[in-house]
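Data from protein21.txt: compact mmCIF, C-alpha atoms (C1' of nucleotides)
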```txt
# COMPACT_ATOMS: atom_id res chain seq x y z
CA MET V 1 195.60 23.04 44.38
CA VAL V 2 193.58 22.65 47.53
CA SER V 3 189.85 23.07 47.15
CA SER V 4 188.82 26.55 48.15
CA PRO V 5 186.92 26.80 51.40
CA PRO V 6 183.21 27.55 51.30
CA VAL V 7 182.48 31.24 50.95
CA THR V 8 179.72 31.05 53.46
CA GLN V 9 179.52 30.85 57.21
CA ALA V 10 176.11 30.33 58.67
CA LEU V 11 172.92 32.09 57.76
CA SER V 12 171.95 35.28 59.54
CA PRO V 13 168.52 35.41 61.16
CA SER V 14 166.99 37.25 58.23
CA GLU V 15 168.47 34.84 55.81
CA VAL V 16 166.99 31.94 57.68
CA ILE V 17 163.60 33.58 57.78
CA VAL V 18 163.58 34.44 54.13
CA SER V 19 164.82 31.14 52.84
CA ASP V 20 162.34 29.29 55.00
CA VAL V 21 159.41 31.44 54.04
CA VAL V 22 160.23 31.22 50.39
CA GLY V 23 160.62 27.51 50.90
CA ARG V 24 157.15 27.25 52.33
CA LEU V 25 155.60 29.54 49.77
CA ILE V 26 157.10 27.66 46.93
CA GLU V 27 156.04 24.39 48.42
CA PHE V 28 152.54 25.78 48.60
CA TRP V 29 152.83 26.44 44.90
CA GLY V 30 153.72 22.84 44.29
CA PHE V 31 157.48 22.89 44.11
CA LYS V 32 159.86 21.17 46.42
CA ARG V 33 160.70 23.10 49.50
CA ASN V 34 164.42 22.95 48.93
CA LEU V 35 164.11 24.67 45.61
CA GLY V 36 162.70 27.63 47.43
CA ARG V 37 165.31 27.51 50.15
CA ILE V 38 168.13 27.44 47.68
CA TRP V 39 166.71 30.28 45.67
CA GLY V 40 166.19 32.26 48.85
CA VAL V 41 169.78 31.91 49.93
CA LEU V 42 171.07 32.85 46.51
CA TYR V 43 168.70 35.77 46.29
CA LEU V 44 170.11 37.28 49.45
CA SER V 45 173.71 36.60 48.67
CA PRO V 46 175.86 39.41 47.29
CA GLU V 47 178.22 36.87 45.74
CA ALA V 48 177.53 33.90 43.58
CA LEU V 49 177.63 30.67 45.56
CA SER V 50 178.98 27.26 44.66
CA ALA V 51 177.19 23.98 45.03
CA GLU V 52 179.34 23.26 48.02
CA ASP V 53 178.40 26.51 49.69
CA LEU V 54 174.78 25.63 49.33
CA ARG V 55 175.45 22.19 50.60
CA HIS V 56 176.95 23.53 53.79
CA VAL V 57 174.60 26.37 54.38
CA LEU V 58 171.46 24.34 53.92
CA LYS V 59 172.77 20.98 55.07
CA LEU V 60 171.94 19.12 51.95
CA SER V 61 173.62 16.22 50.25
CA SER V 62 175.64 16.81 47.12
CA GLY V 63 173.11 14.95 45.06
CA ALA V 64 170.25 17.03 46.34
CA VAL V 65 172.06 20.25 45.54
CA SER V 66 172.93 19.09 42.07
CA MET V 67 169.42 18.03 41.27
CA SER V 68 167.75 21.03 42.82
CA VAL V 69 170.03 23.51 41.16
CA ASN V 70 169.44 21.90 37.82
CA GLU V 71 165.74 22.07 38.29
CA LEU V 72 166.03 25.74 39.15
CA LEU V 73 168.14 26.27 36.05
CA ARG V 74 165.51 24.58 33.93
CA TRP V 75 162.91 26.93 35.32
CA GLY V 76 165.17 29.86 34.59
CA ILE V 77 165.04 30.87 38.23
CA VAL V 78 168.74 30.58 38.86
CA ARG V 79 171.68 31.18 36.56
CA ARG V 80 175.10 29.65 36.35
CA VAL V 81 178.01 32.07 36.36
CA TRP V 82 181.70 31.68 35.80
CA VAL V 83 184.07 32.91 38.36
CA GLN V 84 187.52 33.95 37.22
CA GLY V 85 189.95 31.07 37.56
CA GLU V 86 187.65 28.89 39.61
CA ARG V 87 187.01 25.35 38.68
CA ARG V 88 183.64 24.84 40.15
CA ASP V 89 180.39 26.34 38.99
CA TYR V 90 178.74 29.20 40.77
CA TYR V 91 175.13 30.19 40.88
CA VAL V 92 173.11 33.34 41.26
CA ALA V 93 169.38 33.84 41.68
CA GLU V 94 167.29 35.46 39.04
CA VAL V 95 166.33 38.67 40.79
CA GLN V 96 163.65 39.90 38.45
CA LEU V 97 160.77 38.48 40.39
CA TRP V 98 158.12 39.28 37.89
CA LYS V 99 160.01 37.68 35.07
CA MET V 100 160.50 34.59 37.16
CA ILE V 101 156.89 34.26 38.07
CA SER V 102 155.60 34.77 34.62
CA ARG V 103 157.95 32.17 33.29
CA VAL V 104 156.73 29.62 35.75
CA PHE V 105 153.12 30.50 35.25
CA SER V 106 153.28 30.27 31.55
CA GLU V 107 154.79 26.84 31.69
CA ARG V 108 152.96 25.29 34.53
CA GLU V 109 149.61 26.81 35.17
CA LYS V 110 148.97 27.35 31.53
CA THR V 111 149.63 23.75 30.65
CA GLU V 112 147.38 22.60 33.39
CA ILE V 113 144.56 24.89 32.45
CA ASP V 114 144.78 24.06 28.78
CA ALA V 115 144.56 20.40 29.60
CA ALA V 116 141.48 21.03 31.69
CA ILE V 117 139.81 23.00 28.94
CA GLU V 118 140.43 20.28 26.43
CA ALA V 119 139.11 17.65 28.76
CA PHE V 120 135.93 19.55 29.46
CA GLU V 121 135.36 20.05 25.77
CA GLU V 122 135.85 16.38 25.24
CA ALA V 123 133.36 15.60 27.96
CA LEU V 124 130.82 17.84 26.30
CA GLN V 125 131.30 16.04 23.03
CA ALA V 126 130.89 12.69 24.70
CA LEU V 127 127.58 13.89 26.05
CA ASP V 128 126.47 15.02 22.63
CA ARG V 129 127.25 11.65 21.19
CA GLN V 130 125.30 10.00 23.96
CA LYS V 131 122.40 12.28 23.29
CA ALA V 132 122.41 11.55 19.57
CA GLN V 133 122.34 7.81 20.20
CA LEU V 134 119.45 8.22 22.53
CA LYS V 135 117.23 10.09 20.10
CA ARG V 136 116.50 7.01 18.01
CA GLY V 137 114.73 5.22 20.80
CA PRO V 138 112.06 7.21 22.70
CA GLU V 139 111.10 7.10 26.37
CA HIS V 140 114.31 8.40 27.83
CA THR V 141 113.13 11.58 29.47
CA ARG V 142 115.07 10.76 32.61
CA THR V 143 118.32 10.20 30.82
CA LEU V 144 117.81 13.18 28.59
CA GLU V 145 117.34 15.44 31.55
CA ARG V 146 120.41 14.07 33.12
CA ILE V 147 122.45 14.69 30.03
CA ASP V 148 121.22 18.24 29.73
CA LEU V 149 122.02 19.01 33.33
CA GLN V 150 125.49 17.66 32.85
CA LYS V 151 126.03 19.65 29.70
CA GLN V 152 125.03 22.76 31.51
CA ARG V 153 127.31 22.09 34.44
CA ILE V 154 130.30 21.11 32.45
CA GLY V 155 129.66 24.23 30.44
CA GLN V 156 130.14 26.22 33.60
CA LEU V 157 133.35 24.50 34.41
CA LEU V 158 134.54 25.19 30.91
CA ASP V 159 133.67 28.85 31.22
CA LEU V 160 135.48 29.08 34.49
CA ALA V 161 138.56 27.45 33.05
CA LYS V 162 138.49 29.86 30.13
CA LEU V 163 138.16 32.73 32.52
CA GLY V 164 141.19 31.47 34.36
CA LYS V 165 143.08 31.24 31.13
CA LYS V 166 142.20 34.79 30.17
CA LEU V 167 143.22 36.05 33.55
CA LEU V 168 146.50 34.26 33.30
CA ASP V 169 147.10 35.62 29.83
CA ALA V 170 146.36 39.12 31.02
CA LEU V 171 148.89 38.73 33.78
CA LEU V 172 151.46 37.25 31.49
CA SER V 173 151.24 39.80 28.75
CA THR V 174 151.37 42.50 31.39
CA ALA V 175 154.53 40.91 32.62
CA LYS V 176 156.10 40.79 29.23
CA VAL V 177 155.80 44.45 28.47
CA ASP V 178 156.29 46.03 31.83
CA ALA V 179 155.01 45.19 35.25
CA GLU V 180 153.81 48.65 36.08
CA PRO V 181 150.35 49.07 34.49
CA LEU V 182 148.42 46.36 36.24
CA VAL V 183 150.44 46.83 39.36
CA ARG V 184 149.60 50.49 39.48
CA PHE V 185 146.01 49.73 38.69
CA LEU V 186 145.63 47.37 41.61
CA LEU V 187 147.78 49.06 44.15
CA GLY V 188 146.70 52.59 44.00
CA ARG V 189 149.72 54.14 45.50
CA SER V 190 151.20 52.44 48.50
CA GLN V 191 154.62 53.13 49.79
CA SER V 192 156.88 50.72 48.04
CA HIS V 193 160.31 49.69 49.09
CA SER V 194 161.44 49.57 45.54
CA SER V 195 159.54 48.92 42.37
CA VAL V 196 158.70 45.34 41.71
CA ARG V 197 160.10 44.45 38.34
CA MET J 1 113.77 -2.28 56.34
CA VAL J 2 116.38 -3.46 53.94
CA SER J 3 119.12 -0.99 53.12
CA SER J 4 118.31 0.77 49.90
CA PRO J 5 120.50 -0.18 47.00
CA PRO J 6 123.03 2.32 45.74
CA VAL J 7 121.47 4.89 43.46
CA THR J 8 124.35 4.74 41.08
CA GLN J 9 125.52 2.37 38.43
CA ALA J 10 128.87 3.12 36.93
CA LEU J 11 130.12 6.44 35.72
CA SER J 12 129.46 7.50 32.15
CA PRO J 13 132.47 8.51 30.06
CA SER J 14 131.90 12.20 30.65
CA GLU J 15 131.54 11.64 34.33
CA VAL J 16 134.82 9.83 34.46
CA ILE J 17 136.53 12.57 32.51
CA VAL J 18 135.16 15.34 34.62
CA SER J 19 135.77 13.77 37.97
CA ASP J 20 139.30 12.88 36.97
CA VAL J 21 140.12 16.29 35.60
CA VAL J 22 138.70 18.02 38.61
CA GLY J 23 140.65 15.58 40.70
CA ARG J 24 143.87 16.55 39.00
CA LEU J 25 143.13 20.23 39.03
CA ILE J 26 142.35 20.20 42.65
CA GLU J 27 145.43 18.20 43.41
CA PHE J 28 147.40 20.82 41.53
CA TRP J 29 145.89 23.34 43.90
CA GLY J 30 147.13 21.38 46.86
CA PHE J 31 144.13 19.33 47.85
CA LYS J 32 143.79 15.61 47.85
CA ARG J 33 142.78 14.15 44.58
CA ASN J 34 139.84 12.30 45.98
CA LEU J 35 138.28 15.47 47.24
CA GLY J 36 138.12 16.63 43.67
CA ARG J 37 136.83 13.35 42.38
CA ILE J 38 134.05 13.25 44.91
CA TRP J 39 133.06 16.79 44.24
CA GLY J 40 133.11 16.08 40.52
CA VAL J 41 130.75 13.15 40.82
CA LEU J 42 128.38 15.07 43.03
CA TYR J 43 128.48 18.06 40.76
CA LEU J 44 127.29 16.01 37.82
CA SER J 45 124.68 14.08 39.69
CA PRO J 46 121.05 15.16 39.43
CA GLU J 47 120.30 13.50 42.73
CA ALA J 48 122.02 13.75 46.05
CA LEU J 49 124.26 10.78 46.68
CA SER J 50 124.95 8.84 49.84
CA ALA J 51 128.32 7.96 51.24
CA GLU J 52 127.77 4.45 50.04
CA ASP J 53 127.05 5.59 46.52
CA LEU J 54 130.31 7.44 46.46
CA ARG J 55 132.08 4.50 47.89
CA HIS J 56 130.91 2.27 45.07
CA VAL J 57 131.25 4.71 42.27
CA LEU J 58 134.78 5.77 43.13
CA LYS J 59 135.96 2.54 44.74
CA LEU J 60 136.91 4.06 48.03
CA SER J 61 136.82 2.69 51.52
CA SER J 62 134.14 3.84 53.91
CA GLY J 63 136.71 5.64 55.98
CA ALA J 64 138.05 7.54 53.03
CA VAL J 65 134.59 8.66 52.01
CA SER J 66 133.74 9.77 55.49
CA MET J 67 136.91 11.78 55.91
CA SER J 68 136.84 13.27 52.46
CA VAL J 69 133.24 14.28 52.64
CA ASN J 70 133.81 15.91 55.97
CA GLU J 71 136.70 17.86 54.63
CA LEU J 72 134.59 19.00 51.74
CA LEU J 73 131.89 20.03 54.16
CA ARG J 74 134.39 22.04 56.16
CA TRP J 75 135.42 23.84 53.02
CA GLY J 76 131.79 24.50 52.23
CA ILE J 77 132.19 22.81 48.92
CA VAL J 78 129.64 20.10 49.51
CA ARG J 79 126.43 20.20 51.50
CA ARG J 80 124.56 17.56 53.44
CA VAL J 81 120.92 17.17 52.56
CA TRP J 82 118.10 15.24 54.08
CA VAL J 83 116.15 12.91 51.96
CA GLN J 84 112.58 12.25 52.93
CA GLY J 85 112.36 9.17 55.13
CA GLU J 86 115.89 8.04 54.51
CA ARG J 87 118.16 7.15 57.32
CA ARG J 88 121.47 7.83 55.78
CA ASP J 89 122.95 11.17 54.89
CA TYR J 90 123.05 12.47 51.37
CA TYR J 91 125.36 14.95 49.80
CA VAL J 92 125.23 17.49 47.02
CA ALA J 93 127.94 19.63 45.50
CA GLU J 94 128.02 23.34 45.91
CA VAL J 95 127.29 24.44 42.36
CA GLN J 96 128.14 28.09 42.63
CA LEU J 97 131.66 27.79 41.44
CA TRP J 98 132.68 31.32 42.12
CA LYS J 99 131.43 31.20 45.66
CA MET J 100 133.34 28.03 46.21
CA ILE J 101 136.56 29.34 44.88
CA SER J 102 136.44 32.55 46.77
CA ARG J 103 135.77 30.71 49.97
CA VAL J 104 138.79 28.53 49.51
CA PHE J 105 140.97 31.40 48.41
CA SER J 106 140.09 33.54 51.31
CA GLU J 107 140.93 30.83 53.77
CA ARG J 108 143.95 29.31 52.24
CA GLU J 109 145.84 31.61 49.98
CA LYS J 110 145.13 34.57 52.14
CA THR J 111 146.49 32.91 55.23
CA GLU J 112 149.56 31.89 53.41
CA ILE J 113 150.20 35.29 51.95
CA ASP J 114 149.62 37.08 55.21
CA ALA J 115 152.11 34.83 56.90
CA ALA J 116 154.66 35.58 54.22
CA ILE J 117 154.15 39.31 54.56
CA GLU J 118 154.63 39.15 58.28
CA ALA J 119 157.74 37.08 57.94
CA PHE J 120 159.29 39.44 55.44
CA GLU J 121 158.57 42.38 57.67
CA GLU J 122 160.17 40.56 60.53
CA ALA J 123 163.22 39.86 58.42
CA LEU J 124 163.52 43.53 57.58
CA GLN J 125 163.38 44.42 61.24
CA ALA J 126 166.03 41.88 62.05
CA LEU J 127 168.25 43.54 59.48
CA ASP J 128 167.63 46.95 60.98
CA ARG J 129 168.63 45.70 64.38
CA GLN J 130 171.74 44.20 62.92
CA LYS J 131 172.53 47.47 61.26
CA ALA J 132 172.04 49.47 64.43
CA GLN J 133 174.39 47.21 66.34
CA LEU J 134 176.97 47.60 63.67
CA LYS J 135 177.03 51.38 63.71
CA ARG J 136 178.86 51.56 67.05
CA GLY J 137 181.93 49.87 65.75
CA PRO J 138 183.35 51.20 62.46
CA GLU J 139 185.03 49.35 59.59
CA HIS J 140 182.19 47.24 58.45
CA THR J 141 181.68 48.52 54.94
CA ARG J 142 181.40 44.99 53.63
CA THR J 143 178.76 43.96 56.10
CA LEU J 144 176.87 47.17 55.69
CA GLU J 145 176.68 46.74 51.97
CA ARG J 146 175.46 43.22 52.46
CA ILE J 147 172.75 44.36 54.80
CA ASP J 148 171.59 47.05 52.48
CA LEU J 149 171.42 44.71 49.56
CA GLN J 150 169.38 42.32 51.60
CA LYS J 151 167.03 45.02 52.77
CA GLN J 152 166.47 46.05 49.23
CA ARG J 153 165.79 42.53 48.06
CA ILE J 154 163.52 41.56 50.89
CA GLY J 155 161.73 44.82 50.21
CA GLN J 156 160.99 43.55 46.73
CA LEU J 157 159.65 40.31 48.03
CA LEU J 158 157.47 42.21 50.42
CA ASP J 159 156.13 44.40 47.66
CA LEU J 160 155.38 41.39 45.57
CA ALA J 161 153.56 39.71 48.42
CA LYS J 162 151.52 42.82 48.99
CA LEU J 163 150.70 42.96 45.34
CA GLY J 164 149.49 39.40 45.52
CA LYS J 165 147.36 40.24 48.49
CA LYS J 166 145.76 43.15 46.70
CA LEU J 167 145.05 41.05 43.69
CA LEU J 168 143.48 38.40 45.86
CA ASP J 169 141.40 40.97 47.67
CA ALA J 170 140.24 42.39 44.38
CA LEU J 171 139.16 38.96 43.26
CA LEU J 172 137.47 38.19 46.54
CA SER J 173 135.49 41.38 46.87
CA THR J 174 134.52 41.00 43.26
CA ALA J 175 133.25 37.58 44.13
CA LYS J 176 131.20 38.76 47.03
CA VAL J 177 129.19 41.31 45.16
CA ASP J 178 128.94 39.81 41.75
CA ALA J 179 131.39 38.04 39.56
CA GLU J 180 130.96 40.26 36.58
CA PRO J 181 132.94 43.52 36.99
CA LEU J 182 136.53 42.40 37.11
CA VAL J 183 135.70 39.47 34.92
CA ARG J 184 134.34 41.78 32.27
CA PHE J 185 137.30 44.05 32.67
CA LEU J 186 139.73 41.27 31.97
CA LEU J 187 137.79 39.32 29.45
CA GLY J 188 136.53 41.69 26.94
CA ARG J 189 133.59 39.65 25.66
CA SER J 190 133.83 35.95 24.94
CA GLN J 191 131.09 33.52 24.02
CA SER J 192 129.93 31.78 27.15
CA HIS J 193 127.99 28.62 27.70
CA SER J 194 126.23 30.12 30.61
CA SER J 195 127.32 32.87 32.92
CA VAL J 196 129.75 31.82 35.56
CA ARG J 197 128.35 32.76 38.88
C1' DC B 1 198.22 10.54 30.49
C1' DA B 2 197.52 10.01 35.40
C1' DT B 3 195.45 12.54 39.01
C1' DA B 4 192.48 15.60 41.35
C1' DT B 5 188.25 17.89 41.56
C1' DT B 6 183.57 18.61 40.65
C1' DC B 7 179.14 17.25 38.90
C1' DT B 8 175.52 13.89 37.86
C1' DT B 9 172.97 9.78 38.36
C1' DC B 10 170.33 6.47 40.54
C1' DA B 11 169.17 2.63 43.62
C1' DA B 12 168.09 2.34 48.20
C1' DA B 13 166.61 4.59 52.60
C1' DA B 14 163.98 7.79 54.88
C1' DG B 15 160.09 10.44 55.26
C1' DA B 16 155.45 12.02 54.32
C1' DT B 17 150.90 11.37 52.84
C1' DT B 18 146.91 8.77 51.85
C1' DT B 19 144.01 4.83 52.25
C1' DT B 20 142.19 0.95 54.43
C1' DG B 21 139.24 -1.61 57.40
C1' DA B 22 137.90 -3.05 61.74
C1' DA B 23 136.28 -1.35 66.09
C1' DA B 24 133.88 2.15 68.61
C1' DC B 25 130.29 5.29 68.52
C1' DA B 26 125.68 7.19 67.29
C1' DT B 27 121.10 7.06 65.82
C1' DT B 28 116.74 5.17 64.47
C1' DC B 29 113.16 1.80 64.76
C1' DG B 30 110.26 -1.71 66.58
C1' DC S 1 115.79 -1.59 75.57
C1' DG S 2 118.14 -4.26 71.79
C1' DA S 3 118.83 -4.88 67.01
C1' DA S 4 119.90 -2.76 62.76
C1' DT S 5 121.98 0.58 60.14
C1' DG S 6 125.00 4.23 59.32
C1' DT S 7 129.12 7.20 60.61
C1' DT S 8 133.56 8.32 62.55
C1' DT S 9 138.02 7.31 64.20
C1' DC S 10 142.55 5.77 64.05
C1' DA S 11 146.45 2.52 63.98
C1' DA S 12 148.52 -0.05 60.55
C1' DA S 13 149.45 -0.76 55.61
C1' DA S 14 150.15 0.91 51.17
C1' DT S 15 151.69 4.35 48.25
C1' DC S 16 154.11 8.34 46.77
C1' DT S 17 157.85 11.75 47.31
C1' DT S 18 162.19 13.32 48.62
C1' DT S 19 166.82 12.72 50.13
C1' DT S 20 170.99 10.39 50.58
C1' DG S 21 175.49 8.87 49.35
C1' DA S 22 178.41 6.09 46.79
C1' DA S 23 179.73 5.01 42.07
C1' DG S 24 180.63 6.74 37.70
C1' DA S 25 181.14 10.41 34.20
C1' DA S 26 183.10 14.68 32.97
C1' DT S 27 186.54 18.09 33.10
C1' DA S 28 190.50 20.47 34.35
C1' DT S 29 195.51 20.30 35.95
C1' DG S 30 200.27 19.22 36.12
```

Reformat the file's structure so that it appears as structure tokens.
Amino acid sequence: MVSSPPVTQALSPSEVIVSDVVGRLIEFWGFKRNLGRIWGVLYLSPEALSAEDLRHVLKLSSGAVSMSVNELLRWGIVRRVWVQGERRDYYVAEVQLWKMISRVFSEREKTEIDAAIEAFEEALQALDRQKAQLKRGPEHTRTLERIDLQKQRIGQLLDLAKLGKKLLDALLSTAKVDAEPLVRFLLGRSQSHSSVR
Amino acid sequence: MVSSPPVTQALSPSEVIVSDVVGRLIEFWGFKRNLGRIWGVLYLSPEALSAEDLRHVLKLSSGAVSMSVNELLRWGIVRRVWVQGERRDYYVAEVQLWKMISRVFSEREKTEIDAAIEAFEEALQALDRQKAQLKRGPEHTRTLERIDLQKQRIGQLLDLAKLGKKLLDALLSTAKVDAEPLVRFLLGRSQSHSSVR
DNA sequence: CATATTCTTCAAAAGATTTTGAAACATTCG
DNA sequence: CGAATGTTTCAAAATCTTTTGAAGAATATG
């Protein structure tokens, strides 16, 4: 059997815009640009697309497509689908934006923030140890002051990190149940094109 | 006059931890790591430090210090101070964390999000034009369906972006007046080391 | 089982970003 | 002014990231 021709021609203007913007946005959020571009193309496609389609449409190498798609799969941002009697794999974008975002947030940002919190706590402990050592000998006013200032400042960082964590948790648990509450709370009513789910 | 010796010895364990963590965090947020490290060292220092101090403490070249410090100044995250009778410039960290963050957010994330919103709106318009063109000739059910799907999906992206913008605005206006309200709303009460301002 | 097709891997190439350090510039002091 | 000290700039070097493409693994087909 001859390999089936790519489903896709070229991108329409809107498709180019969207995939590029999503590419940039996602790059801003610390992912590779092509992950965003691929997701964008899939998101706007009525049909599932094959790796080869993506390769043509976005002018990427086979390796790049394979690796990118797998990364997207790992993040649960794209799904693999089977197409009746086709040999190759096809892919579709996860379209539930909110679900997508919360998944990424809970893996990435949460990890990062937890690490920071731990580190700050460790730093505070280190300072306490230093302080304890110092007590035995006198005449260290200077150093003592320094230590106290640092404890205070690191304390602030710690508080901030905890605040971030709480905020994130609030967002995430919101996401789990249903997007609406917080959304509604923040938006007031604005004309929406369709509810964000 | 002989150049005054660097104020600083080596970093204490806590200082290393903090400057490294802040370095990583800030890198995660899309800045250069050294910006975070410099800020971290300044933040924990009771005295203002000179460029040379930073150079020694963090093992950076003079050029790197100069450029980094200037970038931090541009972001309003570090301030230059004059020290009585000293020739060189000295620097201190902005210690009002919340102020700092909101400044960065309102310049960076806001720009990015506004650009995305514009782009999505443009994409929607492009689709409308396409649709209008199509109307004149019949027999385009397929294409029409495609366009409508895309309008719907881009609409969701747009809504999401707008939601993000609102959230950001809420955070920022919160920041301007006083950190507490939204913070309190989200946090319930938690034990704090010192209020985050 | 031999072949055809698709997917994955990975070393090397390309590309992007960051850092260095020496030269140019600026400022202060005597 | 001229020397001394400090700062900025910027091309080149070093480093880090991403992409490529060919080789190999995996899987389906006849």

Tell me as a PDB file with C-alpha atoms, keeping the file's coordinate frame which residues belonging to chain V come within 8 Å of chain J, counting all atoms listed in the file.
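Written file, iface26.pdb:
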```pdb
ATOM      1  CA  PRO V  13     168.520  35.410  61.160  1.00  0.00           C
ATOM      2  CA  SER V  14     166.990  37.250  58.230  1.00  0.00           C
ATOM      3  CA  GLU V  15     168.470  34.840  55.810  1.00  0.00           C
ATOM      4  CA  ILE V  17     163.600  33.580  57.780  1.00  0.00           C
ATOM      5  CA  VAL V  18     163.580  34.440  54.130  1.00  0.00           C
ATOM      6  CA  VAL V  21     159.410  31.440  54.040  1.00  0.00           C
ATOM      7  CA  LEU V  25     155.600  29.540  49.770  1.00  0.00           C
ATOM      8  CA  PHE V  28     152.540  25.780  48.600  1.00  0.00           C
ATOM      9  CA  TRP V  29     152.830  26.440  44.900  1.00  0.00           C
ATOM     10  CA  GLY V  30     153.720  22.840  44.290  1.00  0.00           C
ATOM     11  CA  TYR V  43     168.700  35.770  46.290  1.00  0.00           C
ATOM     12  CA  LEU V  44     170.110  37.280  49.450  1.00  0.00           C
ATOM     13  CA  SER V  45     173.710  36.600  48.670  1.00  0.00           C
ATOM     14  CA  PRO V  46     175.860  39.410  47.290  1.00  0.00           C
ATOM     15  CA  LEU V  97     160.770  38.480  40.390  1.00  0.00           C
ATOM     16  CA  GLU V 112     147.380  22.600  33.390  1.00  0.00           C
ATOM     17  CA  ALA V 116     141.480  21.030  31.690  1.00  0.00           C
ATOM     18  CA  ALA V 119     139.110  17.650  28.760  1.00  0.00           C
ATOM     19  CA  PHE V 120     135.930  19.550  29.460  1.00  0.00           C
ATOM     20  CA  GLU V 122     135.850  16.380  25.240  1.00  0.00           C
ATOM     21  CA  ALA V 123     133.360  15.600  27.960  1.00  0.00           C
ATOM     22  CA  LEU V 124     130.820  17.840  26.300  1.00  0.00           C
ATOM     23  CA  ALA V 126     130.890  12.690  24.700  1.00  0.00           C
ATOM     24  CA  LEU V 127     127.580  13.890  26.050  1.00  0.00           C
ATOM     25  CA  ARG V 146     120.410  14.070  33.120  1.00  0.00           C
ATOM     26  CA  LEU V 149     122.020  19.010  33.330  1.00  0.00           C
ATOM     27  CA  GLN V 150     125.490  17.660  32.850  1.00  0.00           C
ATOM     28  CA  GLN V 152     125.030  22.760  31.510  1.00  0.00           C
ATOM     29  CA  ARG V 153     127.310  22.090  34.440  1.00  0.00           C
ATOM     30  CA  ILE V 154     130.300  21.110  32.450  1.00  0.00           C
ATOM     31  CA  GLY V 155     129.660  24.230  30.440  1.00  0.00           C
ATOM     32  CA  GLN V 156     130.140  26.220  33.600  1.00  0.00           C
ATOM     33  CA  LEU V 157     133.350  24.500  34.410  1.00  0.00           C
ATOM     34  CA  ASP V 159     133.670  28.850  31.220  1.00  0.00           C
ATOM     35  CA  LEU V 160     135.480  29.080  34.490  1.00  0.00           C
ATOM     36  CA  LEU V 163     138.160  32.730  32.520  1.00  0.00           C
ATOM     37  CA  LYS V 166     142.200  34.790  30.170  1.00  0.00           C
ATOM     38  CA  LEU V 167     143.220  36.050  33.550  1.00  0.00           C
ATOM     39  CA  ALA V 170     146.360  39.120  31.020  1.00  0.00           C
ATOM     40  CA  VAL V 183     150.440  46.830  39.360  1.00  0.00           C
ATOM     41  CA  LEU V 186     145.630  47.370  41.610  1.00  0.00           C
ATOM     42  CA  LEU V 187     147.780  49.060  44.150  1.00  0.00           C
ATOM     43  CA  SER V 192     156.880  50.720  48.040  1.00  0.00           C
ATOM     44  CA  HIS V 193     160.310  49.690  49.090  1.00  0.00           C
ATOM     45  CA  SER V 194     161.440  49.570  45.540  1.00  0.00           C
ATOM     46  CA  SER V 195     159.540  48.920  42.370  1.00  0.00           C
ATOM     47  CA  VAL V 196     158.700  45.340  41.710  1.00  0.00           C
TER      48      VAL V 196
END
```

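Distance check against chain B using only C-alpha atoms (C1' of nucleotides): of J:Leu168, J:Met100, J:Leu35, J:Ala48, the minimum falls on J:Leu35.
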
- Query: In Å to one decimal, how far is CA of Leu171 (chain V) from CA of Ser19 (chain V)?
  - Reply: 26.0 Å

- Message: Using only C-alpha atoms (C1' of nucleotides) and a distance of at most 10 Å, pull out the residues of chain J that contact chain B, as a ChimeraX atom specification.
- Response: /J:1,32-34,60-64,87

Residues from last step as file, C-alpha atoms, as a PDB file, in the coordinates of the input:
```pdb
ATOM      1  CA  MET J   1     113.770  -2.280  56.340  1.00  0.00           C
ATOM      2  CA  LYS J  32     143.790  15.610  47.850  1.00  0.00           C
ATOM      3  CA  ARG J  33     142.780  14.150  44.580  1.00  0.00           C
ATOM      4  CA  ASN J  34     139.840  12.300  45.980  1.00  0.00           C
ATOM      5  CA  LEU J  60     136.910   4.060  48.030  1.00  0.00           C
ATOM      6  CA  SER J  61     136.820   2.690  51.520  1.00  0.00           C
ATOM      7  CA  SER J  62     134.140   3.840  53.910  1.00  0.00           C
ATOM      8  CA  GLY J  63     136.710   5.640  55.980  1.00  0.00           C
ATOM      9  CA  ALA J  64     138.050   7.540  53.030  1.00  0.00           C
ATOM     10  CA  ARG J  87     118.160   7.150  57.320  1.00  0.00           C
TER      11      ARG J  87
END
```

- Query: Do you know which residues are at most 9 Å from Gln9 (chain V) counting only C-alpha atoms (C1' of nucleotides), after dropping those on the same chain fewer than 4 positions away, and could you put them as a PyMOL selection string?
  - Reply: chain V and resi 53+56-57

- Item | Residues of chain S within 9 Å of chain V, only C-alpha atoms (C1' of nucleotides) counted, as a list in words |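 My answer is DT18, DT19, DT20, DG21, DA28 and DT29 of chain S.
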
- Task: Quote the spacing between CA of Ser66 (chain V) and C1' of DT15 (chain S) in Å to one decimal place.
- Result: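 Taking CA of Ser66 (chain V) and C1' of DT15 (chain S), their separation equals 26.6 Å.
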
- Here CA of Lys59 (chain J) and CA of Gly36 (chain J) stand apart by 14.3 Å

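Residues in contact with Leu72 (chain V) at up to 9 Å, not including ones fewer than 4 positions away on its chain and judged by all atoms listed in the file, are Leu35, Ile38, Trp39, Met67, Ser68, Gly76, Ile77, Val78 and Arg79 of chain V.
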